[in-house]
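Next comes work.cif, with mmCIF, N, CA and C atoms and all ligand atoms.
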data_start
#
loop_
_atom_site.label_atom_id
_atom_site.label_comp_id
_atom_site.auth_asym_id
_atom_site.auth_seq_id
_atom_site.Cartn_x
_atom_site.Cartn_y
_atom_site.Cartn_z
N MET A 1 -6.13 -9.60 -15.85
CA MET A 1 -5.36 -8.69 -16.71
C MET A 1 -4.61 -9.51 -17.77
N GLN A 2 -4.64 -9.03 -18.99
CA GLN A 2 -4.22 -9.84 -20.13
C GLN A 2 -2.77 -10.37 -20.06
N ASP A 3 -1.84 -9.47 -19.73
CA ASP A 3 -0.44 -9.89 -19.79
C ASP A 3 0.12 -10.31 -18.44
N CYS A 4 -0.74 -10.51 -17.47
CA CYS A 4 -0.26 -10.84 -16.12
C CYS A 4 -0.05 -12.35 -16.00
N ILE A 5 1.16 -12.73 -15.62
CA ILE A 5 1.52 -14.16 -15.54
C ILE A 5 0.67 -14.88 -14.47
N PHE A 6 0.38 -14.19 -13.35
CA PHE A 6 -0.41 -14.87 -12.31
C PHE A 6 -1.88 -14.99 -12.73
N CYS A 7 -2.40 -14.01 -13.48
CA CYS A 7 -3.76 -14.17 -14.02
C CYS A 7 -3.81 -15.38 -14.95
N LYS A 8 -2.75 -15.59 -15.73
CA LYS A 8 -2.70 -16.76 -16.64
C LYS A 8 -2.63 -18.05 -15.83
N ILE A 9 -1.87 -18.05 -14.75
CA ILE A 9 -1.79 -19.24 -13.89
C ILE A 9 -3.17 -19.54 -13.29
N ILE A 10 -3.84 -18.50 -12.81
CA ILE A 10 -5.17 -18.69 -12.20
C ILE A 10 -6.15 -19.28 -13.23
N LYS A 11 -6.05 -18.82 -14.47
CA LYS A 11 -6.95 -19.32 -15.52
C LYS A 11 -6.53 -20.68 -16.07
N GLY A 12 -5.36 -21.18 -15.64
CA GLY A 12 -4.88 -22.47 -16.12
C GLY A 12 -4.18 -22.38 -17.47
N GLU A 13 -3.90 -21.16 -17.92
CA GLU A 13 -3.22 -21.00 -19.22
C GLU A 13 -1.72 -21.28 -19.09
N ILE A 14 -1.20 -21.12 -17.87
CA ILE A 14 0.18 -21.51 -17.55
C ILE A 14 0.07 -22.54 -16.43
N PRO A 15 0.75 -23.69 -16.57
CA PRO A 15 0.63 -24.72 -15.54
C PRO A 15 1.26 -24.31 -14.21
N SER A 16 0.68 -24.78 -13.13
CA SER A 16 1.25 -24.54 -11.80
C SER A 16 0.85 -25.71 -10.91
N THR A 17 1.52 -25.80 -9.77
CA THR A 17 1.11 -26.80 -8.78
C THR A 17 0.19 -26.10 -7.79
N CYS A 18 -1.10 -26.19 -8.09
CA CYS A 18 -2.11 -25.54 -7.23
C CYS A 18 -2.33 -26.39 -6.00
N ILE A 19 -2.33 -25.75 -4.83
CA ILE A 19 -2.62 -26.54 -3.62
C ILE A 19 -3.92 -26.11 -2.96
N TYR A 20 -4.50 -25.00 -3.41
CA TYR A 20 -5.79 -24.55 -2.85
C TYR A 20 -6.43 -23.57 -3.81
N GLU A 21 -7.75 -23.64 -3.89
CA GLU A 21 -8.48 -22.69 -4.73
C GLU A 21 -9.89 -22.53 -4.19
N ASP A 22 -10.39 -21.31 -4.12
CA ASP A 22 -11.81 -21.07 -3.90
C ASP A 22 -12.24 -19.93 -4.81
N GLU A 23 -13.38 -19.34 -4.57
CA GLU A 23 -13.87 -18.33 -5.52
C GLU A 23 -13.02 -17.05 -5.53
N ASP A 24 -12.26 -16.83 -4.45
CA ASP A 24 -11.49 -15.57 -4.34
C ASP A 24 -9.97 -15.76 -4.37
N VAL A 25 -9.51 -16.92 -3.94
CA VAL A 25 -8.08 -17.12 -3.66
C VAL A 25 -7.53 -18.31 -4.46
N PHE A 26 -6.29 -18.17 -4.92
CA PHE A 26 -5.59 -19.26 -5.60
C PHE A 26 -4.22 -19.39 -4.92
N ALA A 27 -3.82 -20.61 -4.59
CA ALA A 27 -2.52 -20.82 -3.93
C ALA A 27 -1.76 -21.91 -4.67
N PHE A 28 -0.49 -21.64 -4.94
CA PHE A 28 0.32 -22.57 -5.74
C PHE A 28 1.77 -22.50 -5.30
N ARG A 29 2.53 -23.56 -5.62
CA ARG A 29 3.94 -23.63 -5.24
C ARG A 29 4.77 -22.64 -6.05
N ASP A 30 5.67 -21.94 -5.36
CA ASP A 30 6.57 -21.02 -6.05
C ASP A 30 7.53 -21.82 -6.94
N ILE A 31 7.75 -21.33 -8.14
CA ILE A 31 8.61 -22.02 -9.10
C ILE A 31 10.07 -22.02 -8.66
N ASN A 32 10.42 -21.10 -7.79
CA ASN A 32 11.82 -20.94 -7.37
C ASN A 32 11.85 -20.85 -5.85
N PRO A 33 11.63 -22.00 -5.17
CA PRO A 33 11.40 -21.94 -3.71
C PRO A 33 12.58 -21.38 -2.93
N ALA A 34 12.26 -20.50 -1.98
CA ALA A 34 13.28 -19.90 -1.11
C ALA A 34 13.27 -20.56 0.26
N ALA A 35 12.47 -21.61 0.43
CA ALA A 35 12.39 -22.35 1.69
C ALA A 35 11.83 -23.73 1.34
N PRO A 36 11.95 -24.71 2.24
CA PRO A 36 11.43 -26.05 1.93
C PRO A 36 9.95 -26.03 1.53
N THR A 37 9.15 -25.20 2.19
CA THR A 37 7.78 -24.97 1.74
C THR A 37 7.68 -23.51 1.32
N HIS A 38 7.26 -23.29 0.08
CA HIS A 38 7.13 -21.92 -0.43
C HIS A 38 5.91 -21.87 -1.34
N VAL A 39 4.86 -21.28 -0.81
CA VAL A 39 3.57 -21.21 -1.51
C VAL A 39 3.25 -19.74 -1.76
N LEU A 40 2.64 -19.45 -2.90
CA LEU A 40 2.17 -18.10 -3.20
C LEU A 40 0.65 -18.08 -3.11
N LEU A 41 0.12 -17.13 -2.36
CA LEU A 41 -1.33 -16.95 -2.28
C LEU A 41 -1.68 -15.67 -3.01
N VAL A 42 -2.63 -15.77 -3.94
CA VAL A 42 -2.99 -14.60 -4.75
C VAL A 42 -4.50 -14.44 -4.78
N PRO A 43 -4.96 -13.19 -4.86
CA PRO A 43 -6.39 -13.00 -5.11
C PRO A 43 -6.66 -13.32 -6.58
N LYS A 44 -7.79 -13.97 -6.85
CA LYS A 44 -8.12 -14.27 -8.26
C LYS A 44 -8.36 -12.98 -9.03
N ARG A 45 -8.92 -12.01 -8.34
CA ARG A 45 -9.12 -10.70 -8.95
C ARG A 45 -7.78 -9.98 -9.04
N HIS A 46 -7.46 -9.42 -10.20
CA HIS A 46 -6.16 -8.75 -10.34
C HIS A 46 -6.10 -7.47 -9.50
N ILE A 47 -5.09 -7.43 -8.63
CA ILE A 47 -4.74 -6.21 -7.88
C ILE A 47 -3.23 -6.10 -8.06
N ASP A 48 -2.73 -4.94 -8.40
CA ASP A 48 -1.30 -4.81 -8.71
C ASP A 48 -0.40 -5.19 -7.53
N GLY A 49 -0.73 -4.68 -6.36
CA GLY A 49 0.12 -4.92 -5.20
C GLY A 49 -0.49 -4.26 -3.98
N ALA A 50 0.17 -4.43 -2.82
CA ALA A 50 -0.36 -3.85 -1.58
C ALA A 50 -0.44 -2.33 -1.66
N ASP A 51 0.35 -1.75 -2.57
CA ASP A 51 0.35 -0.29 -2.72
C ASP A 51 -0.89 0.22 -3.45
N THR A 52 -1.67 -0.66 -4.04
CA THR A 52 -2.87 -0.18 -4.74
C THR A 52 -4.15 -0.60 -4.00
N LEU A 53 -4.00 -1.15 -2.79
CA LEU A 53 -5.19 -1.43 -1.97
C LEU A 53 -5.81 -0.09 -1.56
N SER A 54 -7.13 -0.08 -1.49
CA SER A 54 -7.80 1.19 -1.23
C SER A 54 -9.06 1.01 -0.39
N ASP A 55 -9.28 1.97 0.49
CA ASP A 55 -10.53 2.01 1.28
C ASP A 55 -11.74 2.17 0.37
N ASP A 56 -11.50 2.73 -0.81
CA ASP A 56 -12.62 2.99 -1.72
C ASP A 56 -13.21 1.71 -2.29
N ASP A 57 -12.43 0.62 -2.22
CA ASP A 57 -12.94 -0.64 -2.74
C ASP A 57 -13.31 -1.54 -1.56
N PRO A 58 -14.60 -1.76 -1.33
CA PRO A 58 -15.01 -2.52 -0.15
C PRO A 58 -14.55 -3.98 -0.16
N GLU A 59 -14.17 -4.50 -1.33
CA GLU A 59 -13.73 -5.90 -1.39
C GLU A 59 -12.28 -6.07 -0.93
N HIS A 60 -11.50 -5.00 -0.96
CA HIS A 60 -10.07 -5.17 -0.69
C HIS A 60 -9.79 -5.68 0.72
N ALA A 61 -10.41 -5.08 1.72
CA ALA A 61 -10.12 -5.48 3.10
C ALA A 61 -10.50 -6.94 3.31
N ALA A 62 -11.65 -7.33 2.80
CA ALA A 62 -12.11 -8.71 2.97
C ALA A 62 -11.16 -9.69 2.28
N LEU A 63 -10.63 -9.28 1.14
CA LEU A 63 -9.70 -10.16 0.41
C LEU A 63 -8.42 -10.39 1.19
N ILE A 64 -7.90 -9.32 1.78
CA ILE A 64 -6.64 -9.45 2.55
C ILE A 64 -6.84 -10.36 3.76
N VAL A 65 -7.97 -10.17 4.45
CA VAL A 65 -8.26 -11.04 5.59
C VAL A 65 -8.34 -12.49 5.11
N LYS A 66 -9.02 -12.70 4.00
CA LYS A 66 -9.18 -14.07 3.49
C LYS A 66 -7.84 -14.68 3.10
N LEU A 67 -6.99 -13.89 2.47
CA LEU A 67 -5.66 -14.41 2.08
C LEU A 67 -4.87 -14.84 3.32
N ILE A 68 -4.92 -14.03 4.37
CA ILE A 68 -4.13 -14.35 5.57
C ILE A 68 -4.74 -15.54 6.33
N PHE A 69 -6.07 -15.58 6.42
CA PHE A 69 -6.72 -16.75 7.04
C PHE A 69 -6.38 -18.02 6.26
N THR A 70 -6.41 -17.92 4.94
CA THR A 70 -6.12 -19.09 4.10
C THR A 70 -4.67 -19.53 4.29
N ALA A 71 -3.77 -18.57 4.40
CA ALA A 71 -2.36 -18.91 4.65
C ALA A 71 -2.24 -19.71 5.95
N GLY A 72 -2.96 -19.30 6.98
CA GLY A 72 -2.91 -20.02 8.26
C GLY A 72 -3.44 -21.45 8.12
N LYS A 73 -4.54 -21.59 7.37
CA LYS A 73 -5.11 -22.94 7.17
C LYS A 73 -4.12 -23.81 6.39
N LEU A 74 -3.54 -23.26 5.35
CA LEU A 74 -2.59 -24.04 4.54
C LEU A 74 -1.35 -24.39 5.37
N ALA A 75 -0.88 -23.45 6.19
CA ALA A 75 0.29 -23.72 7.03
C ALA A 75 0.02 -24.94 7.93
N ARG A 76 -1.18 -24.98 8.51
CA ARG A 76 -1.54 -26.14 9.34
C ARG A 76 -1.56 -27.41 8.51
N GLU A 77 -2.21 -27.34 7.35
CA GLU A 77 -2.33 -28.53 6.49
C GLU A 77 -0.97 -29.00 5.99
N LEU A 78 -0.06 -28.07 5.78
CA LEU A 78 1.26 -28.43 5.25
C LEU A 78 2.25 -28.81 6.36
N GLY A 79 1.77 -28.82 7.60
CA GLY A 79 2.60 -29.31 8.71
C GLY A 79 3.62 -28.30 9.21
N LEU A 80 3.31 -27.02 9.06
CA LEU A 80 4.27 -25.99 9.49
C LEU A 80 4.02 -25.57 10.94
N GLN A 81 3.84 -26.56 11.81
CA GLN A 81 3.46 -26.26 13.19
C GLN A 81 4.56 -25.54 13.96
N ASP A 82 5.79 -25.59 13.48
CA ASP A 82 6.88 -24.92 14.20
C ASP A 82 7.03 -23.45 13.82
N GLY A 83 6.21 -23.00 12.88
CA GLY A 83 6.25 -21.59 12.52
C GLY A 83 6.41 -21.38 11.03
N TRP A 84 6.10 -20.18 10.61
CA TRP A 84 6.12 -19.86 9.19
C TRP A 84 6.17 -18.35 9.05
N ARG A 85 6.34 -17.91 7.81
CA ARG A 85 6.48 -16.47 7.55
C ARG A 85 5.63 -16.08 6.35
N LEU A 86 5.00 -14.91 6.46
CA LEU A 86 4.31 -14.32 5.31
C LEU A 86 5.09 -13.09 4.88
N VAL A 87 5.26 -12.97 3.56
CA VAL A 87 5.98 -11.82 3.00
C VAL A 87 5.21 -11.32 1.79
N THR A 88 5.05 -10.01 1.68
CA THR A 88 4.58 -9.47 0.41
C THR A 88 5.53 -8.36 -0.01
N ASN A 89 6.09 -8.51 -1.19
CA ASN A 89 7.01 -7.51 -1.72
C ASN A 89 6.21 -6.50 -2.53
N VAL A 90 6.61 -5.23 -2.44
CA VAL A 90 5.84 -4.17 -3.09
C VAL A 90 6.76 -3.29 -3.93
N GLY A 91 6.48 -3.26 -5.22
CA GLY A 91 7.18 -2.34 -6.11
C GLY A 91 8.64 -2.72 -6.32
N GLU A 92 9.31 -1.91 -7.09
CA GLU A 92 10.69 -2.21 -7.50
C GLU A 92 11.63 -2.30 -6.30
N HIS A 93 11.59 -1.31 -5.41
CA HIS A 93 12.51 -1.34 -4.27
C HIS A 93 12.15 -2.44 -3.29
N GLY A 94 10.90 -2.87 -3.28
CA GLY A 94 10.48 -3.97 -2.41
C GLY A 94 10.78 -5.33 -3.00
N GLY A 95 11.29 -5.36 -4.22
CA GLY A 95 11.65 -6.64 -4.84
C GLY A 95 10.48 -7.36 -5.49
N GLN A 96 9.40 -6.64 -5.78
CA GLN A 96 8.24 -7.28 -6.42
C GLN A 96 8.54 -7.48 -7.91
N THR A 97 8.60 -8.74 -8.32
CA THR A 97 8.91 -9.03 -9.73
C THR A 97 7.65 -9.34 -10.53
N VAL A 98 6.58 -9.75 -9.86
CA VAL A 98 5.31 -10.02 -10.55
C VAL A 98 4.28 -9.04 -10.00
N ARG A 99 3.76 -8.22 -10.89
CA ARG A 99 2.86 -7.13 -10.47
C ARG A 99 1.41 -7.62 -10.41
N HIS A 100 1.22 -8.62 -9.55
CA HIS A 100 -0.11 -9.11 -9.15
C HIS A 100 0.05 -9.43 -7.68
N LEU A 101 -0.71 -8.78 -6.83
CA LEU A 101 -0.57 -8.95 -5.39
C LEU A 101 -0.42 -10.42 -5.02
N HIS A 102 0.61 -10.74 -4.25
CA HIS A 102 0.79 -12.12 -3.79
C HIS A 102 1.47 -12.11 -2.44
N ILE A 103 1.12 -13.13 -1.66
CA ILE A 103 1.72 -13.30 -0.34
C ILE A 103 2.52 -14.59 -0.37
N HIS A 104 3.80 -14.50 -0.01
CA HIS A 104 4.65 -15.69 0.07
C HIS A 104 4.40 -16.34 1.44
N LEU A 105 4.11 -17.64 1.45
CA LEU A 105 4.06 -18.43 2.67
C LEU A 105 5.31 -19.31 2.68
N LEU A 106 6.16 -19.07 3.67
CA LEU A 106 7.45 -19.74 3.74
C LEU A 106 7.56 -20.52 5.04
N GLY A 107 8.10 -21.73 4.97
CA GLY A 107 8.29 -22.51 6.18
C GLY A 107 9.01 -23.80 5.89
N GLY A 108 9.01 -24.67 6.91
CA GLY A 108 9.65 -25.97 6.74
C GLY A 108 11.07 -26.01 7.24
N ALA A 109 11.57 -24.91 7.77
CA ALA A 109 12.91 -24.84 8.35
C ALA A 109 12.96 -23.57 9.20
N ALA A 110 13.96 -23.50 10.10
CA ALA A 110 14.17 -22.25 10.83
C ALA A 110 14.63 -21.22 9.81
N LEU A 111 13.88 -20.16 9.65
CA LEU A 111 14.08 -19.29 8.49
C LEU A 111 15.19 -18.26 8.68
N GLY A 112 15.40 -17.76 9.88
CA GLY A 112 16.37 -16.67 10.01
C GLY A 112 15.98 -15.57 9.04
N ASP A 113 16.95 -15.12 8.28
CA ASP A 113 16.65 -14.12 7.25
C ASP A 113 16.27 -14.76 5.93
N PHE A 114 16.26 -16.09 5.90
CA PHE A 114 15.95 -16.89 4.73
C PHE A 114 14.57 -16.54 4.19
N GLY A 115 14.50 -16.16 2.94
CA GLY A 115 13.18 -15.91 2.35
C GLY A 115 12.69 -14.51 2.55
N ALA A 116 13.33 -13.76 3.41
CA ALA A 116 12.92 -12.37 3.59
C ALA A 116 13.93 -11.50 2.86
N LYS A 117 13.43 -10.59 2.07
CA LYS A 117 14.35 -9.75 1.30
C LYS A 117 14.76 -8.56 2.17
N LEU A 118 15.66 -8.86 3.10
CA LEU A 118 16.06 -7.82 4.05
C LEU A 118 17.28 -7.05 3.55
N GLU A 119 17.95 -7.65 2.57
CA GLU A 119 19.13 -6.96 2.06
C GLU A 119 18.71 -5.77 1.20
N PHE A 120 19.59 -4.86 1.00
CA PHE A 120 19.25 -3.75 0.11
C PHE A 120 20.42 -3.49 -0.82
N ARG A 121 20.08 -2.91 -1.97
CA ARG A 121 21.12 -2.62 -2.95
C ARG A 121 21.72 -1.25 -2.65
N LYS A 122 23.04 -1.17 -2.73
CA LYS A 122 23.66 0.12 -2.44
C LYS A 122 23.71 0.95 -3.71
P1 LIG B 1 8.06 -11.42 -5.98
O1 LIG B 1 9.54 -11.35 -6.18
O2 LIG B 1 7.64 -11.10 -4.55
O3 LIG B 1 7.29 -10.63 -7.01
O4 LIG B 1 7.70 -12.96 -6.17
C1 LIG B 1 7.32 -13.52 -7.38
C2 LIG B 1 7.47 -15.00 -7.22
O5 LIG B 1 6.77 -15.62 -8.27
C3 LIG B 1 8.90 -15.50 -7.31
O6 LIG B 1 9.28 -16.08 -6.05
C4 LIG B 1 8.88 -16.57 -8.40
C5 LIG B 1 7.42 -16.80 -8.64
N1 LIG B 1 7.06 -17.08 -10.01
C6 LIG B 1 7.32 -16.27 -11.08
N2 LIG B 1 6.85 -16.84 -12.20
C7 LIG B 1 6.25 -18.01 -11.81
C8 LIG B 1 5.58 -19.04 -12.53
O7 LIG B 1 5.40 -19.03 -13.76
N3 LIG B 1 5.12 -20.10 -11.80
C9 LIG B 1 5.29 -20.17 -10.44
N4 LIG B 1 4.81 -21.25 -9.83
N5 LIG B 1 5.91 -19.21 -9.73
C10 LIG B 1 6.39 -18.15 -10.42
#

Render the structure in this file as structure tokens.
Amino acid sequence: MQDCIFCKIIKGEIPSTCIYEDEDVFAFRDINPAAPTHVLLVPKRHIDGADTLSDDDPEHAALIVKLIFTAGKLARELGLQDGWRLVTNVGEHGGQTVRHLHIHLLGGAALGDFGAKLEFRK
């Protein structure tokens, strides 16, 4: 998608610290880390968010499985043997600031509520 910042990162038009790439998935360091290790995993194909996943698209389910499997592989490679967290924010109330589906991989410390947007605005 033309104006999507993550599509530009995937195409290399905006620099990022890529740590993994295959034909479907791109993973890079978050610019504003919320934990000692904070990686974003995104599908190369633009999908707005988890709210636009659909049974009608046969690729969607396979992509989600691949993103989560890849997160597990990266967590092992990055030494997160003590545990890690996956988060996907959806829409305005979910705190999604970039409208390209992404999964946050967080770890490297005991997280508690760290990195999870559990607070809410009154
Ligand atoms: P969310 O709030 O769930 O939509 O997360 C978006 C994340 O994307 C946020 O943690 C910061 C990160 N981010 C935004 N712009 C850039 C960028 O240009 N480069 C990188 N590496 N990360 C970005």

Within-6.5 Å residues of ligand LIG 1 (chain B), basis only N, CA and C atoms and all ligand atoms, as a ChimeraX atom specification: /A:5,15-17,28-33,88-90,95-99

If we count only N, CA and C atoms and set the cut-off at 6 Å, which residues sit around stretch 50-65 of chain A, ignoring sequence neighbours fewer than 3 positions away in its own chain? Please answer as a PyMOL selection string. chain A and resi 68-70+90+101

Let's have the selection written as a PDB file, in the coordinates of the input, with N, CA and C atoms.
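Final output, saved to selection-v1.pdb:
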ATOM      1  N   ILE A  68      -4.920 -14.030   4.370  1.00  0.00           N
ATOM      2  CA  ILE A  68      -4.130 -14.350   5.570  1.00  0.00           C
ATOM      3  C   ILE A  68      -4.740 -15.540   6.330  1.00  0.00           C
ATOM      4  N   PHE A  69      -6.070 -15.580   6.420  1.00  0.00           N
ATOM      5  CA  PHE A  69      -6.720 -16.750   7.040  1.00  0.00           C
ATOM      6  C   PHE A  69      -6.380 -18.020   6.260  1.00  0.00           C
ATOM      7  N   THR A  70      -6.410 -17.920   4.940  1.00  0.00           N
ATOM      8  CA  THR A  70      -6.120 -19.090   4.100  1.00  0.00           C
ATOM      9  C   THR A  70      -4.670 -19.530   4.290  1.00  0.00           C
ATOM     10  N   VAL A  90       6.610  -5.230  -2.440  1.00  0.00           N
ATOM     11  CA  VAL A  90       5.840  -4.170  -3.090  1.00  0.00           C
ATOM     12  C   VAL A  90       6.760  -3.290  -3.930  1.00  0.00           C
ATOM     13  N   LEU A 101      -0.710  -8.780  -6.830  1.00  0.00           N
ATOM     14  CA  LEU A 101      -0.570  -8.950  -5.390  1.00  0.00           C
ATOM     15  C   LEU A 101      -0.420 -10.420  -5.020  1.00  0.00           C
TER      16      LEU A 101
END

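Considering the residues A:Ala71, A:Gly94, A:His100, A:Leu106 and counting only N, CA and C atoms, A:Cys7 has its shortest atom-to-atom contact with A:His100.
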
Near A:His38, counting only C-alpha atoms, which residues have an atom at most 12 Å away, once you skip same-chain residues fewer than 6 positions from it, shown as a list in words? Thr17, Ile19, Ala27, Phe28, Arg29, Asp30, Ile31, Asn32, Ala71, Leu74, Ala75, Leu78, Leu80, Trp84, Arg85, Leu86, Val87, Ile103, His104, Leu105, Leu106, Gly107, Gly108, Ala109, Leu111, Phe114, Gly115 and Ala116 of chain A

Could you give me, as a count of residues only, each residue of chain A that DSSP assigns to strand (DSSP E or B) when run on this structure's backbone? 25

Work out how far atom CA of A:Phe6 is from atom CA of A:Gly79, in Å to one decimal. 25.7 Å

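Rounded to one decimal, atom C of A:His93 and atom CA of A:His46 lie 20.6 Å from each other.
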
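Between atom CA of A:Ile9 and atom CA of A:Gly72 the separation is 22.2 Å.
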
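In this comparison, which uses all atoms listed in the file, the residue of A:Gln2, A:Glu77, A:Cys18, A:Lys11 approaching A:Lys44 most closely is A:Lys11.
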
Is it possible to get the axis-aligned box enclosing stretch 6-18 of chain A (all listed atoms, 6 Å extra per side) as JSON, with centre and edge lengths in Å rounded to one decimal?
{"center_x": -2.7, "center_y": -20.4, "center_z": -12.6, "size_x": 20.5, "size_y": 24.8, "size_z": 25.2}

Quick one: pick out all alpha helix (DSSP H) residues within chain A from a backbone DSSP run and write them as a VMD selection string. chain A and resid 5 to 11 58 to 77

Go ahead and dump the residues you just picked, N, CA and C atoms, as an mmCIF file, in the frame of the given file.
data_model
loop_
_atom_site.group_PDB
_atom_site.id
_atom_site.type_symbol
_atom_site.label_atom_id
_atom_site.label_comp_id
_atom_site.auth_asym_id
_atom_site.auth_seq_id
_atom_site.Cartn_x
_atom_site.Cartn_y
_atom_site.Cartn_z
ATOM 1 N N ILE A 5 1.160 -12.730 -15.620
ATOM 2 C CA ILE A 5 1.520 -14.160 -15.540
ATOM 3 C C ILE A 5 0.670 -14.880 -14.470
ATOM 4 N N PHE A 6 0.380 -14.190 -13.350
ATOM 5 C CA PHE A 6 -0.410 -14.870 -12.310
ATOM 6 C C PHE A 6 -1.880 -14.990 -12.730
ATOM 7 N N CYS A 7 -2.400 -14.010 -13.480
ATOM 8 C CA CYS A 7 -3.760 -14.170 -14.020
ATOM 9 C C CYS A 7 -3.810 -15.380 -14.950
ATOM 10 N N LYS A 8 -2.750 -15.590 -15.730
ATOM 11 C CA LYS A 8 -2.700 -16.760 -16.640
ATOM 12 C C LYS A 8 -2.630 -18.050 -15.830
ATOM 13 N N ILE A 9 -1.870 -18.050 -14.750
ATOM 14 C CA ILE A 9 -1.790 -19.240 -13.890
ATOM 15 C C ILE A 9 -3.170 -19.540 -13.290
ATOM 16 N N ILE A 10 -3.840 -18.500 -12.810
ATOM 17 C CA ILE A 10 -5.170 -18.690 -12.200
ATOM 18 C C ILE A 10 -6.150 -19.280 -13.230
ATOM 19 N N LYS A 11 -6.050 -18.820 -14.470
ATOM 20 C CA LYS A 11 -6.950 -19.320 -15.520
ATOM 21 C C LYS A 11 -6.530 -20.680 -16.070
ATOM 22 N N PRO A 58 -14.600 -1.760 -1.330
ATOM 23 C CA PRO A 58 -15.010 -2.520 -0.150
ATOM 24 C C PRO A 58 -14.550 -3.980 -0.160
ATOM 25 N N GLU A 59 -14.170 -4.500 -1.330
ATOM 26 C CA GLU A 59 -13.730 -5.900 -1.390
ATOM 27 C C GLU A 59 -12.280 -6.070 -0.930
ATOM 28 N N HIS A 60 -11.500 -5.000 -0.960
ATOM 29 C CA HIS A 60 -10.070 -5.170 -0.690
ATOM 30 C C HIS A 60 -9.790 -5.680 0.720
ATOM 31 N N ALA A 61 -10.410 -5.080 1.720
ATOM 32 C CA ALA A 61 -10.120 -5.480 3.100
ATOM 33 C C ALA A 61 -10.500 -6.940 3.310
ATOM 34 N N ALA A 62 -11.650 -7.330 2.800
ATOM 35 C CA ALA A 62 -12.110 -8.710 2.970
ATOM 36 C C ALA A 62 -11.160 -9.690 2.280
ATOM 37 N N LEU A 63 -10.630 -9.280 1.140
ATOM 38 C CA LEU A 63 -9.700 -10.160 0.410
ATOM 39 C C LEU A 63 -8.420 -10.390 1.190
ATOM 40 N N ILE A 64 -7.900 -9.320 1.780
ATOM 41 C CA ILE A 64 -6.640 -9.450 2.550
ATOM 42 C C ILE A 64 -6.840 -10.360 3.760
ATOM 43 N N VAL A 65 -7.970 -10.170 4.450
ATOM 44 C CA VAL A 65 -8.260 -11.040 5.590
ATOM 45 C C VAL A 65 -8.340 -12.490 5.110
ATOM 46 N N LYS A 66 -9.020 -12.700 4.000
ATOM 47 C CA LYS A 66 -9.180 -14.070 3.490
ATOM 48 C C LYS A 66 -7.840 -14.680 3.100
ATOM 49 N N LEU A 67 -6.990 -13.890 2.470
ATOM 50 C CA LEU A 67 -5.660 -14.410 2.080
ATOM 51 C C LEU A 67 -4.870 -14.840 3.320
ATOM 52 N N ILE A 68 -4.920 -14.030 4.370
ATOM 53 C CA ILE A 68 -4.130 -14.350 5.570
ATOM 54 C C ILE A 68 -4.740 -15.540 6.330
ATOM 55 N N PHE A 69 -6.070 -15.580 6.420
ATOM 56 C CA PHE A 69 -6.720 -16.750 7.040
ATOM 57 C C PHE A 69 -6.380 -18.020 6.260
ATOM 58 N N THR A 70 -6.410 -17.920 4.940
ATOM 59 C CA THR A 70 -6.120 -19.090 4.100
ATOM 60 C C THR A 70 -4.670 -19.530 4.290
ATOM 61 N N ALA A 71 -3.770 -18.570 4.400
ATOM 62 C CA ALA A 71 -2.360 -18.910 4.650
ATOM 63 C C ALA A 71 -2.240 -19.710 5.950
ATOM 64 N N GLY A 72 -2.960 -19.300 6.980
ATOM 65 C CA GLY A 72 -2.910 -20.020 8.260
ATOM 66 C C GLY A 72 -3.440 -21.450 8.120
ATOM 67 N N LYS A 73 -4.540 -21.590 7.370
ATOM 68 C CA LYS A 73 -5.110 -22.940 7.170
ATOM 69 C C LYS A 73 -4.120 -23.810 6.390
ATOM 70 N N LEU A 74 -3.540 -23.260 5.350
ATOM 71 C CA LEU A 74 -2.590 -24.040 4.540
ATOM 72 C C LEU A 74 -1.350 -24.390 5.370
ATOM 73 N N ALA A 75 -0.880 -23.450 6.190
ATOM 74 C CA ALA A 75 0.290 -23.720 7.030
ATOM 75 C C ALA A 75 0.020 -24.940 7.930
ATOM 76 N N ARG A 76 -1.180 -24.980 8.510
ATOM 77 C CA ARG A 76 -1.540 -26.140 9.340
ATOM 78 C C ARG A 76 -1.560 -27.410 8.510
ATOM 79 N N GLU A 77 -2.210 -27.340 7.350
ATOM 80 C CA GLU A 77 -2.330 -28.530 6.490
ATOM 81 C C GLU A 77 -0.970 -29.000 5.990
#

May I have the protein, DNA and RNA residues with an atom at most 6 Å from (-6.0, -13.7, -2.1), counting all atoms listed in the file in the file's coordinates, returned as an MDAnalysis selection string? chainID A and resid 24:26 41:44 63 66:67
